[in-house]
There are 2 protein chains.
Amino acid sequence: MSRVGYRGEGHPLRVLFVGFGNVGRTAGEILQDPKRYPGVADLDLATVGLITRTRGCLANPSGVDLPRALEELKTRGRFAPDHPDRTDLDGLTAARTLDYHVLVEISPLNVAARGEPAISHVRAALSRGRHAVTANKGPVAWAHEELCALAEEKGAAFLKETTVMDGVPVFNLAERCMQGCRVLEIEGILNSTSNWVLAGLEEGLSLEAAVRVAQEAGIAEADPSHDLEGWDGAVKVSALANGLMGGELTPDQVERVGMSHLTPETVASARTRGRRFKMLCRAWRDEEGVLKGRSALEELPLDHFYASVSGAGAALTLRTDLLHTIRVVEEGGTSLVPTAYGVLSDLLALRDRMNF
Amino acid sequence: MSRVGYRGEGHPLRVLFVGFGNVGRTAGEILQDPKRYPGVADLDLATVGLITRTRGCLANPSGVDLPRALEELKTRGRFAPDHPDRTDLDGLTAARTLDYHVLVEISPLNVAARGEPAISHVRAALSRGRHAVTANKGPVAWAHEELCALAEEKGAAFLKETTVMDGVPVFNLAERCMQGCRVLEIEGILNSTSNWVLAGLEEGLSLEAAVRVAQEAGIAEADPSHDLEGWDGAVKVSALANGLMGGELTPDQVERVGMSHLTPETVASARTRGRRFKMLCRAWRDEEGVLKGRSALEELPLDHFYASVSGAGAALTLRTDLLHTIRVVEEGGTSLVPTAYGVLSDLLALRDRMNF
């Protein structure tokens, strides 16, 4: 583990945030509430840069005033024009030039651009031997192998716990706790928006109404097609397959069957047959050993394990050579604390590895 | 991490096994099948001692001939009288005198003796700065705090992944992957024998018949009362509470409600009310912060998460301050490979920590 100038305990971890939406703000709030969250209270960060596309950008080699920045975002939705740390740096320039230990990539995923510009941000950090934490799924879905190889070459770490199932440590579970096990197959409900919308359809809502309810609850994005057409699942199952099965699967190689055609009538008719729809993801190796993926609407019997994964929940099944089948279920909810925790847990792991 | 004379890569890890029943033999078989289990194939062990109570004892400073020992156990149920490595050492003397890196305690749990003599074996190893891996729940349930303190003082490791849910890495999940999270409550189905017997009762079998079926399948012990009276659950929930919540709960402090009084009629009557019996374990802190435990028969609605945990399966729920509720489910089965893997995964972790 490279130390990239980190001086160890008593010195803050220097962090550059690229993107700073709800997840970033929640992470900041957690760190400012040590009484409620004592376990992360000793994570001493210096935020050397906060680069956003629509809320302004801040940079300060000694660390920007995070409470002030959070307050400005809260009251006016962007950094104040007279903020002393304002800068014109864009994400890529910041990643290439600022002096940080860890780049935290939490900008929104751009599927049309195949994960860019997040991939370039992470690549820029790793090329300089700086660590990278990504909550943006792009780098893991479209450039996993390249970025892992680069990280290894440069002695840097490339962490991604938040990309799938919020902060539930599924990558770390496989990497740190199942050593020697080969993951043979992964399967699960990875997209909570579609799961939430399916619950609405079961209650008799139209697809449009169910989506609206999910949007109002803060679960669905303004454009839900990414979730309902299986793209989000395809991105996540690629990230998992690449991380846990050592592959090179990209989301466009994943077979997709979306759910936009579903009506409450179709759903009710399935129920009369004792069945329920779920969007399921799966990755496996075919007979030639080639990694395959699927993100598709499926009809399951009501007593099937996945049928009981409720609304905003998610579930992941791991089949390995050495363990009984393991299932990890996240009950879910609308809180962003678990997602933000995923980023913080990667930062805690990095701090400790650098302190070793 | 102390290196206790370990010379790193290219040199075998010197292991003393105390106890060598089905789990030990399965671990040996896994190591002899590198083609089927490539992930653990590079675990190079020298077995300096194999101490059993009823099958004889072997010791050899250069490592006993493990394939021969396994063959003898397989063909005659004990080590051959003319085996060149036979010894009269008992477990405690072996732990105190042999030259090993890791003591692996896999002798059967003795509840009446409050976890002895396994606790003394582990204590003897740790006192000498040697690492200890236990699949025996005694040391974790009755002496967790003392042994952890001793391990820390001596720079040794005290690992216990196999004690709960076979090899499913529940301790490592919390310790290595949920850093900064406080575990507020744990809950689950931790005893697969009772779960298997409950399934038999639902099929209309008497308790005695259901137990017999479980025994024939290799799930239940000859004396099933330990499982059916909630003792096994009490031991496991203590181990988990101590490991994950930093407590000092002992199995005798855990409230127990057994299931020996259940009849197929009681179970059928619950089903007519849409309910199902499960043996549930739980640990939490009361208002004064005191750790409490319960291992008890409970009646659950059929659509409850635990109601779907089948036969030989197990489930663990973790509630924390920073994550959504997480559930880990092991589907279960009669194979001992996952249990043996738990021991091997602890040995792999130790080897890598020593190589650091």
# chains A, B, ... in the order shown; residues from 1 in each chain; ligands from 1
$ residues_around --residues "Ala135 of chain B" --least-positions-apart "2" --cutoff "7 Å" --atoms "only C-alpha atoms" --output "list in words"
Glu105, Ile106, Val133, Lys137, Lys160, Thr162, Thr163 and Val343 of chain B
$ residues_around --residues "Ala315 of chain B" --least-positions-apart "2" --cutoff "6 Å" --atoms "only C-alpha atoms" --output "list in words"
Gly188, Ile189, Val328 and Val329 of chain B
$ interface_residues --of "chain A" --to "chain B" --cutoff "9 Å" --atoms "only C-alpha atoms" --output "ChimeraX atom specification"
/A:36-41,166-173,176-182,303-305,308-309,321-333,335,337-342,344-345,348-349
$ residues_around --residues "segment 221-237 of chain A" --least-positions-apart "4" --cutoff "10 Å" --atoms "only C-alpha atoms" --output "ChimeraX atom specification"
/A:109,111,115,137-138,140-142,163-165,186-195,197-198,211-212,214-216,241-243,249-261,279-283,292-297
$ write_last_selection --atoms "C-alpha atoms" --output "PDB file, in the first residue's frame"
ATOM      1  CA  LEU A 109     -23.810   8.063 -13.573  1.00  0.00           C
ATOM      2  CA  VAL A 111     -25.021   5.657 -19.085  1.00  0.00           C
ATOM      3  CA  GLY A 115     -19.560   5.932 -17.512  1.00  0.00           C
ATOM      4  CA  LYS A 137     -21.122   2.857 -11.061  1.00  0.00           C
ATOM      5  CA  GLY A 138     -19.565   3.897 -14.373  1.00  0.00           C
ATOM      6  CA  VAL A 140     -16.831  -0.320 -12.185  1.00  0.00           C
ATOM      7  CA  ALA A 141     -19.207  -1.245 -14.984  1.00  0.00           C
ATOM      8  CA  TRP A 142     -17.210  -0.024 -17.990  1.00  0.00           C
ATOM      9  CA  THR A 163     -22.021   1.107  -6.100  1.00  0.00           C
ATOM     10  CA  VAL A 164     -24.261  -1.854  -5.267  1.00  0.00           C
ATOM     11  CA  MET A 165     -26.757  -2.243  -2.384  1.00  0.00           C
ATOM     12  CA  ILE A 186     -24.489 -14.193  -8.447  1.00  0.00           C
ATOM     13  CA  GLU A 187     -28.155 -13.377  -8.560  1.00  0.00           C
ATOM     14  CA  GLY A 188     -30.436 -10.875  -6.948  1.00  0.00           C
ATOM     15  CA  ILE A 189     -32.783  -7.951  -6.832  1.00  0.00           C
ATOM     16  CA  LEU A 190     -30.395  -5.054  -7.268  1.00  0.00           C
ATOM     17  CA  ASN A 191     -32.663  -2.219  -8.391  1.00  0.00           C
ATOM     18  CA  SER A 192     -34.916  -0.930  -5.639  1.00  0.00           C
ATOM     19  CA  THR A 193     -36.852   1.508  -7.837  1.00  0.00           C
ATOM     20  CA  SER A 194     -38.304  -1.283  -9.963  1.00  0.00           C
ATOM     21  CA  ASN A 195     -39.056  -3.298  -6.839  1.00  0.00           C
ATOM     22  CA  VAL A 197     -42.835   0.304  -8.556  1.00  0.00           C
ATOM     23  CA  LEU A 198     -43.805  -3.397  -8.770  1.00  0.00           C
ATOM     24  CA  VAL A 211     -43.523   5.708 -10.651  1.00  0.00           C
ATOM     25  CA  ARG A 212     -44.880   9.024  -9.376  1.00  0.00           C
ATOM     26  CA  ALA A 214     -41.691   6.284  -6.032  1.00  0.00           C
ATOM     27  CA  GLN A 215     -40.459   9.689  -7.198  1.00  0.00           C
ATOM     28  CA  GLU A 216     -42.277  11.443  -4.380  1.00  0.00           C
ATOM     29  CA  ALA A 241     -19.518  -9.839 -11.735  1.00  0.00           C
ATOM     30  CA  ASN A 242     -16.323  -7.929 -12.454  1.00  0.00           C
ATOM     31  CA  GLY A 243     -15.566  -7.415  -8.785  1.00  0.00           C
ATOM     32  CA  LEU A 249     -18.651  -7.865 -18.394  1.00  0.00           C
ATOM     33  CA  THR A 250     -20.011  -4.533 -19.604  1.00  0.00           C
ATOM     34  CA  PRO A 251     -23.649  -3.444 -19.164  1.00  0.00           C
ATOM     35  CA  ASP A 252     -24.321  -3.503 -22.905  1.00  0.00           C
ATOM     36  CA  GLN A 253     -23.418  -7.213 -22.969  1.00  0.00           C
ATOM     37  CA  VAL A 254     -26.069  -7.925 -20.332  1.00  0.00           C
ATOM     38  CA  GLU A 255     -29.358  -9.329 -21.626  1.00  0.00           C
ATOM     39  CA  ARG A 256     -32.206  -7.035 -20.569  1.00  0.00           C
ATOM     40  CA  VAL A 257     -35.966  -7.468 -20.290  1.00  0.00           C
ATOM     41  CA  GLY A 258     -37.633  -4.322 -18.977  1.00  0.00           C
ATOM     42  CA  MET A 259     -40.934  -3.859 -17.180  1.00  0.00           C
ATOM     43  CA  SER A 260     -42.339  -0.735 -18.845  1.00  0.00           C
ATOM     44  CA  HIS A 261     -45.068  -2.798 -20.528  1.00  0.00           C
ATOM     45  CA  MET A 279     -36.675  -7.633 -11.772  1.00  0.00           C
ATOM     46  CA  LEU A 280     -33.884 -10.167 -11.284  1.00  0.00           C
ATOM     47  CA  CYS A 281     -30.205  -9.866 -12.106  1.00  0.00           C
ATOM     48  CA  ARG A 282     -27.900 -12.774 -12.659  1.00  0.00           C
ATOM     49  CA  ALA A 283     -24.301 -13.411 -13.718  1.00  0.00           C
ATOM     50  CA  LYS A 292     -22.748 -13.819 -18.963  1.00  0.00           C
ATOM     51  CA  GLY A 293     -25.258 -11.429 -17.445  1.00  0.00           C
ATOM     52  CA  ARG A 294     -29.011 -10.897 -17.398  1.00  0.00           C
ATOM     53  CA  SER A 295     -31.196  -8.148 -15.922  1.00  0.00           C
ATOM     54  CA  ALA A 296     -34.777  -9.079 -16.557  1.00  0.00           C
ATOM     55  CA  LEU A 297     -38.376  -9.123 -15.445  1.00  0.00           C
TER      56      LEU A 297
END
$ select_by_dssp --residues "segment 86-169 of chain B" --states "strand (DSSP E or B)" --output "list in words"
Arg86, Val102, Leu103, Val104, Glu105, His131, Ala132, Val133, Thr134, Phe158 and Leu159 of chain B
$ residues_around --residues "Arg275 of chain B" --least-positions-apart "5" --cutoff "10 Å" --atoms "only C-alpha atoms" --output "ChimeraX atom specification"
/B:267-270,298-304,307
$ write_last_selection --atoms "N, CA and C atoms" --output "CSV table (one decimal), in the first residue's frame"
chain,number,residue,atom,x,y,z
B,267,VAL,N,-48.4,-27.6,16.2
B,267,VAL,CA,-47.8,-27.0,15.0
B,267,VAL,C,-48.9,-26.8,13.9
B,268,ALA,N,-49.7,-27.8,13.8
B,268,ALA,CA,-50.8,-27.8,12.8
B,268,ALA,C,-51.8,-26.7,13.1
B,269,SER,N,-52.1,-26.6,14.4
B,269,SER,CA,-53.1,-25.6,14.9
B,269,SER,C,-52.5,-24.2,14.6
B,270,ALA,N,-51.3,-24.0,14.8
B,270,ALA,CA,-50.7,-22.7,14.5
B,270,ALA,C,-50.8,-22.4,13.0
B,298,GLU,N,-40.7,-19.2,19.1
B,298,GLU,CA,-41.6,-18.2,18.9
B,298,GLU,C,-42.5,-18.5,17.7
B,299,GLU,N,-43.7,-17.9,17.8
B,299,GLU,CA,-44.7,-18.2,16.7
B,299,GLU,C,-44.7,-16.9,15.8
B,300,LEU,N,-44.5,-17.2,14.5
B,300,LEU,CA,-44.4,-16.0,13.6
B,300,LEU,C,-45.5,-16.2,12.5
B,301,PRO,N,-45.9,-15.0,11.9
B,301,PRO,CA,-46.8,-15.1,10.8
B,301,PRO,C,-46.1,-15.7,9.6
B,302,LEU,N,-46.8,-16.4,8.7
B,302,LEU,CA,-46.2,-17.2,7.6
B,302,LEU,C,-45.4,-16.3,6.6
B,303,ASP,N,-45.8,-15.0,6.5
B,303,ASP,CA,-45.1,-14.2,5.5
B,303,ASP,C,-43.9,-13.4,6.2
B,304,HIS,N,-43.6,-13.8,7.5
B,304,HIS,CA,-42.5,-13.2,8.1
B,304,HIS,C,-41.2,-13.7,7.5
B,307,ALA,N,-39.9,-17.0,8.6
B,307,ALA,CA,-40.8,-18.2,8.3
B,307,ALA,C,-40.3,-18.9,7.1
$ atom_distance --atom1 "atom CA of Asn110 of chain B" --atom2 "atom CA of Leu147 of chain B"
17.8 Å
$ closest_residue --among "B:Leu201, B:Leu70, B:Val290, B:Leu92" --to "Glu116 of chain B" --atoms "only C-alpha atoms"
B:Leu92
$ select_by_dssp --residues "segment 215-320 of chain B" --states "alpha helix (DSSP H)" --output "VMD selection string"
chain B and resid 215 to 216 225 to 228 231 to 245 264 to 272
$ write_last_selection --atoms "C-alpha atoms" --output "compact mmCIF listing (two decimals), in the first residue's frame"
# COMPACT_ATOMS: atom_id res chain seq x y z
CA GLN B 215 -30.15 -37.67 13.10
CA GLU B 216 -30.22 -39.93 10.07
CA SER B 225 -31.64 -31.77 23.87
CA HIS B 226 -28.83 -29.23 23.56
CA ASP B 227 -30.42 -28.02 20.31
CA LEU B 228 -34.09 -28.39 21.21
CA TRP B 231 -28.74 -24.14 24.53
CA ASP B 232 -27.02 -24.17 21.16
CA GLY B 233 -28.79 -20.94 20.23
CA ALA B 234 -27.81 -19.44 23.60
CA VAL B 235 -24.16 -20.31 23.01
CA LYS B 236 -24.22 -18.90 19.47
CA VAL B 237 -26.03 -15.69 20.34
CA SER B 238 -23.53 -15.15 23.16
CA ALA B 239 -20.63 -15.69 20.77
CA LEU B 240 -22.15 -13.24 18.28
CA ALA B 241 -23.06 -10.64 20.88
CA ASN B 242 -19.58 -10.77 22.37
CA GLY B 243 -17.91 -10.64 18.98
CA LEU B 244 -20.12 -8.06 17.27
CA MET B 245 -21.49 -5.93 20.11
CA PRO B 264 -47.52 -32.00 15.44
CA GLU B 265 -51.01 -30.97 16.64
CA THR B 266 -49.77 -27.69 18.17
CA VAL B 267 -47.83 -26.99 14.98
CA ALA B 268 -50.83 -27.79 12.76
CA SER B 269 -53.08 -25.60 14.87
CA ALA B 270 -50.66 -22.68 14.45
CA ARG B 271 -50.75 -23.24 10.69
CA THR B 272 -54.54 -22.89 10.65
$ atom_distance --atom1 "atom CA of Arg78 of chain B" --atom2 "atom CA of Arg53 of chain B"
10.3 Å
$ residues_around --residues "Leu66 of chain B" --least-positions-apart "3" --cutoff "8 Å" --atoms "only C-alpha atoms" --output "MDAnalysis selection string"
chainID B and resid 28 47 69:70
$ closest_residue --among "A:Ser206, A:Gln32, A:Thr93, A:Ser310" --to "Leu262 of chain A" --atoms "only C-alpha atoms"
A:Ser206
$ residues_around --residues "segment 83-88 of chain B" --least-positions-apart "5" --cutoff "12 Å" --atoms "only C-alpha atoms" --output "PDB file with N, CA and C atoms, in the first residue's frame"
ATOM      1  N   THR B  47       1.151 -30.151   9.626  1.00  0.00           N
ATOM      2  CA  THR B  47       0.361 -30.529  10.792  1.00  0.00           C
ATOM      3  C   THR B  47       1.298 -31.116  11.843  1.00  0.00           C
ATOM      4  N   VAL B  48       1.698 -30.294  12.799  1.00  0.00           N
ATOM      5  CA  VAL B  48       2.682 -30.774  13.778  1.00  0.00           C
ATOM      6  C   VAL B  48       2.026 -31.620  14.861  1.00  0.00           C
ATOM      7  N   GLY B  49       0.713 -31.532  15.004  1.00  0.00           N
ATOM      8  CA  GLY B  49       0.037 -32.383  15.973  1.00  0.00           C
ATOM      9  C   GLY B  49      -1.417 -32.589  15.618  1.00  0.00           C
ATOM     10  N   LEU B  50      -1.915 -33.799  15.903  1.00  0.00           N
ATOM     11  CA  LEU B  50      -3.328 -34.155  15.691  1.00  0.00           C
ATOM     12  C   LEU B  50      -3.750 -34.853  16.976  1.00  0.00           C
ATOM     13  N   ILE B  51      -4.403 -34.117  17.881  1.00  0.00           N
ATOM     14  CA  ILE B  51      -4.703 -34.659  19.199  1.00  0.00           C
ATOM     15  C   ILE B  51      -6.199 -34.934  19.300  1.00  0.00           C
ATOM     16  N   THR B  52      -6.580 -36.189  19.453  1.00  0.00           N
ATOM     17  CA  THR B  52      -8.003 -36.500  19.600  1.00  0.00           C
ATOM     18  C   THR B  52      -8.202 -37.281  20.901  1.00  0.00           C
ATOM     19  N   ARG B  53      -9.449 -37.299  21.374  1.00  0.00           N
ATOM     20  CA  ARG B  53      -9.728 -37.970  22.635  1.00  0.00           C
ATOM     21  C   ARG B  53      -9.983 -39.463  22.425  1.00  0.00           C
ATOM     22  N   ARG B  55      -9.561 -41.079  19.077  1.00  0.00           N
ATOM     23  CA  ARG B  55      -9.017 -41.650  17.830  1.00  0.00           C
ATOM     24  C   ARG B  55      -7.496 -41.744  17.854  1.00  0.00           C
ATOM     25  N   GLY B  56      -6.900 -41.442  19.013  1.00  0.00           N
ATOM     26  CA  GLY B  56      -5.450 -41.459  19.114  1.00  0.00           C
ATOM     27  C   GLY B  56      -4.849 -40.095  18.839  1.00  0.00           C
ATOM     28  N   CYS B  57      -3.530 -39.996  19.001  1.00  0.00           N
ATOM     29  CA  CYS B  57      -2.846 -38.710  18.852  1.00  0.00           C
ATOM     30  C   CYS B  57      -1.571 -38.906  18.053  1.00  0.00           C
ATOM     31  N   LEU B  58      -1.275 -37.906  17.210  1.00  0.00           N
ATOM     32  CA  LEU B  58      -0.051 -37.935  16.414  1.00  0.00           C
ATOM     33  C   LEU B  58       0.703 -36.623  16.619  1.00  0.00           C
ATOM     34  N   ALA B  59       2.012 -36.700  16.579  1.00  0.00           N
ATOM     35  CA  ALA B  59       2.808 -35.468  16.625  1.00  0.00           C
ATOM     36  C   ALA B  59       4.102 -35.689  15.869  1.00  0.00           C
ATOM     37  N   ASN B  60       4.513 -34.665  15.127  1.00  0.00           N
ATOM     38  CA  ASN B  60       5.772 -34.745  14.384  1.00  0.00           C
ATOM     39  C   ASN B  60       6.197 -33.313  14.067  1.00  0.00           C
ATOM     40  N   PRO B  61       7.354 -32.896  14.553  1.00  0.00           N
ATOM     41  CA  PRO B  61       7.766 -31.502  14.343  1.00  0.00           C
ATOM     42  C   PRO B  61       7.897 -31.128  12.870  1.00  0.00           C
ATOM     43  N   SER B  62       8.094 -32.095  11.989  1.00  0.00           N
ATOM     44  CA  SER B  62       8.175 -31.772  10.553  1.00  0.00           C
ATOM     45  C   SER B  62       6.818 -31.901   9.868  1.00  0.00           C
ATOM     46  N   GLY B  63       5.795 -32.246  10.648  1.00  0.00           N
ATOM     47  CA  GLY B  63       4.477 -32.412  10.042  1.00  0.00           C
ATOM     48  C   GLY B  63       4.148 -33.886   9.882  1.00  0.00           C
ATOM     49  N   VAL B  64       3.005 -34.315  10.406  1.00  0.00           N
ATOM     50  CA  VAL B  64       2.606 -35.710  10.241  1.00  0.00           C
ATOM     51  C   VAL B  64       2.167 -35.924   8.792  1.00  0.00           C
ATOM     52  N   ASP B  65       2.154 -37.159   8.376  1.00  0.00           N
ATOM     53  CA  ASP B  65       1.713 -37.523   7.028  1.00  0.00           C
ATOM     54  C   ASP B  65       0.177 -37.452   7.011  1.00  0.00           C
ATOM     55  N   LEU B  66      -0.368 -36.310   6.571  1.00  0.00           N
ATOM     56  CA  LEU B  66      -1.813 -36.080   6.673  1.00  0.00           C
ATOM     57  C   LEU B  66      -2.621 -37.050   5.810  1.00  0.00           C
ATOM     58  N   ARG B  68      -1.952 -40.075   5.042  1.00  0.00           N
ATOM     59  CA  ARG B  68      -1.956 -41.368   5.734  1.00  0.00           C
ATOM     60  C   ARG B  68      -2.885 -41.322   6.945  1.00  0.00           C
ATOM     61  N   ALA B  69      -2.807 -40.230   7.718  1.00  0.00           N
ATOM     62  CA  ALA B  69      -3.669 -40.105   8.892  1.00  0.00           C
ATOM     63  C   ALA B  69      -5.146 -40.123   8.486  1.00  0.00           C
ATOM     64  N   GLU B  71      -6.434 -41.468   5.837  1.00  0.00           N
ATOM     65  CA  GLU B  71      -6.746 -42.813   5.354  1.00  0.00           C
ATOM     66  C   GLU B  71      -7.005 -43.749   6.538  1.00  0.00           C
ATOM     67  N   GLU B  72      -6.184 -43.639   7.571  1.00  0.00           N
ATOM     68  CA  GLU B  72      -6.367 -44.486   8.755  1.00  0.00           C
ATOM     69  C   GLU B  72      -7.708 -44.200   9.437  1.00  0.00           C
ATOM     70  N   LEU B  73      -8.041 -42.912   9.556  1.00  0.00           N
ATOM     71  CA  LEU B  73      -9.326 -42.554  10.178  1.00  0.00           C
ATOM     72  C   LEU B  73     -10.482 -43.100   9.361  1.00  0.00           C
ATOM     73  N   ARG B  78      -9.592 -44.747  13.591  1.00  0.00           N
ATOM     74  CA  ARG B  78      -8.585 -44.185  14.495  1.00  0.00           C
ATOM     75  C   ARG B  78      -7.198 -44.339  13.873  1.00  0.00           C
ATOM     76  N   THR B  93      -1.224 -30.357  27.076  1.00  0.00           N
ATOM     77  CA  THR B  93       0.244 -30.477  27.020  1.00  0.00           C
ATOM     78  C   THR B  93       0.741 -30.139  25.612  1.00  0.00           C
ATOM     79  N   ALA B  94       0.014 -30.631  24.610  1.00  0.00           N
ATOM     80  CA  ALA B  94       0.400 -30.325  23.229  1.00  0.00           C
ATOM     81  C   ALA B  94       0.366 -28.818  22.989  1.00  0.00           C
ATOM     82  N   LEU B  98       4.202 -28.091  22.064  1.00  0.00           N
ATOM     83  CA  LEU B  98       4.591 -28.287  20.660  1.00  0.00           C
ATOM     84  C   LEU B  98       4.938 -26.945  20.010  1.00  0.00           C
TER      85      LEU B  98
END
$ residues_around --residues "Glu152 of chain A" --least-positions-apart "2" --cutoff "12 Å" --atoms "only C-alpha atoms" --output "list in words"
Met1, Ser2, Leu126, Ser127, Gly129, Arg130, His131, Glu145, Glu146, Leu147, Cys148, Ala149, Leu150, Lys154, Gly155, Ala156, Ala157 and Phe158 of chain A
$ closest_residue --among "A:Asp44, A:Glu202, A:Asp286, A:Asp82" --to "Pro12 of chain A" --atoms "only C-alpha atoms"
A:Asp44
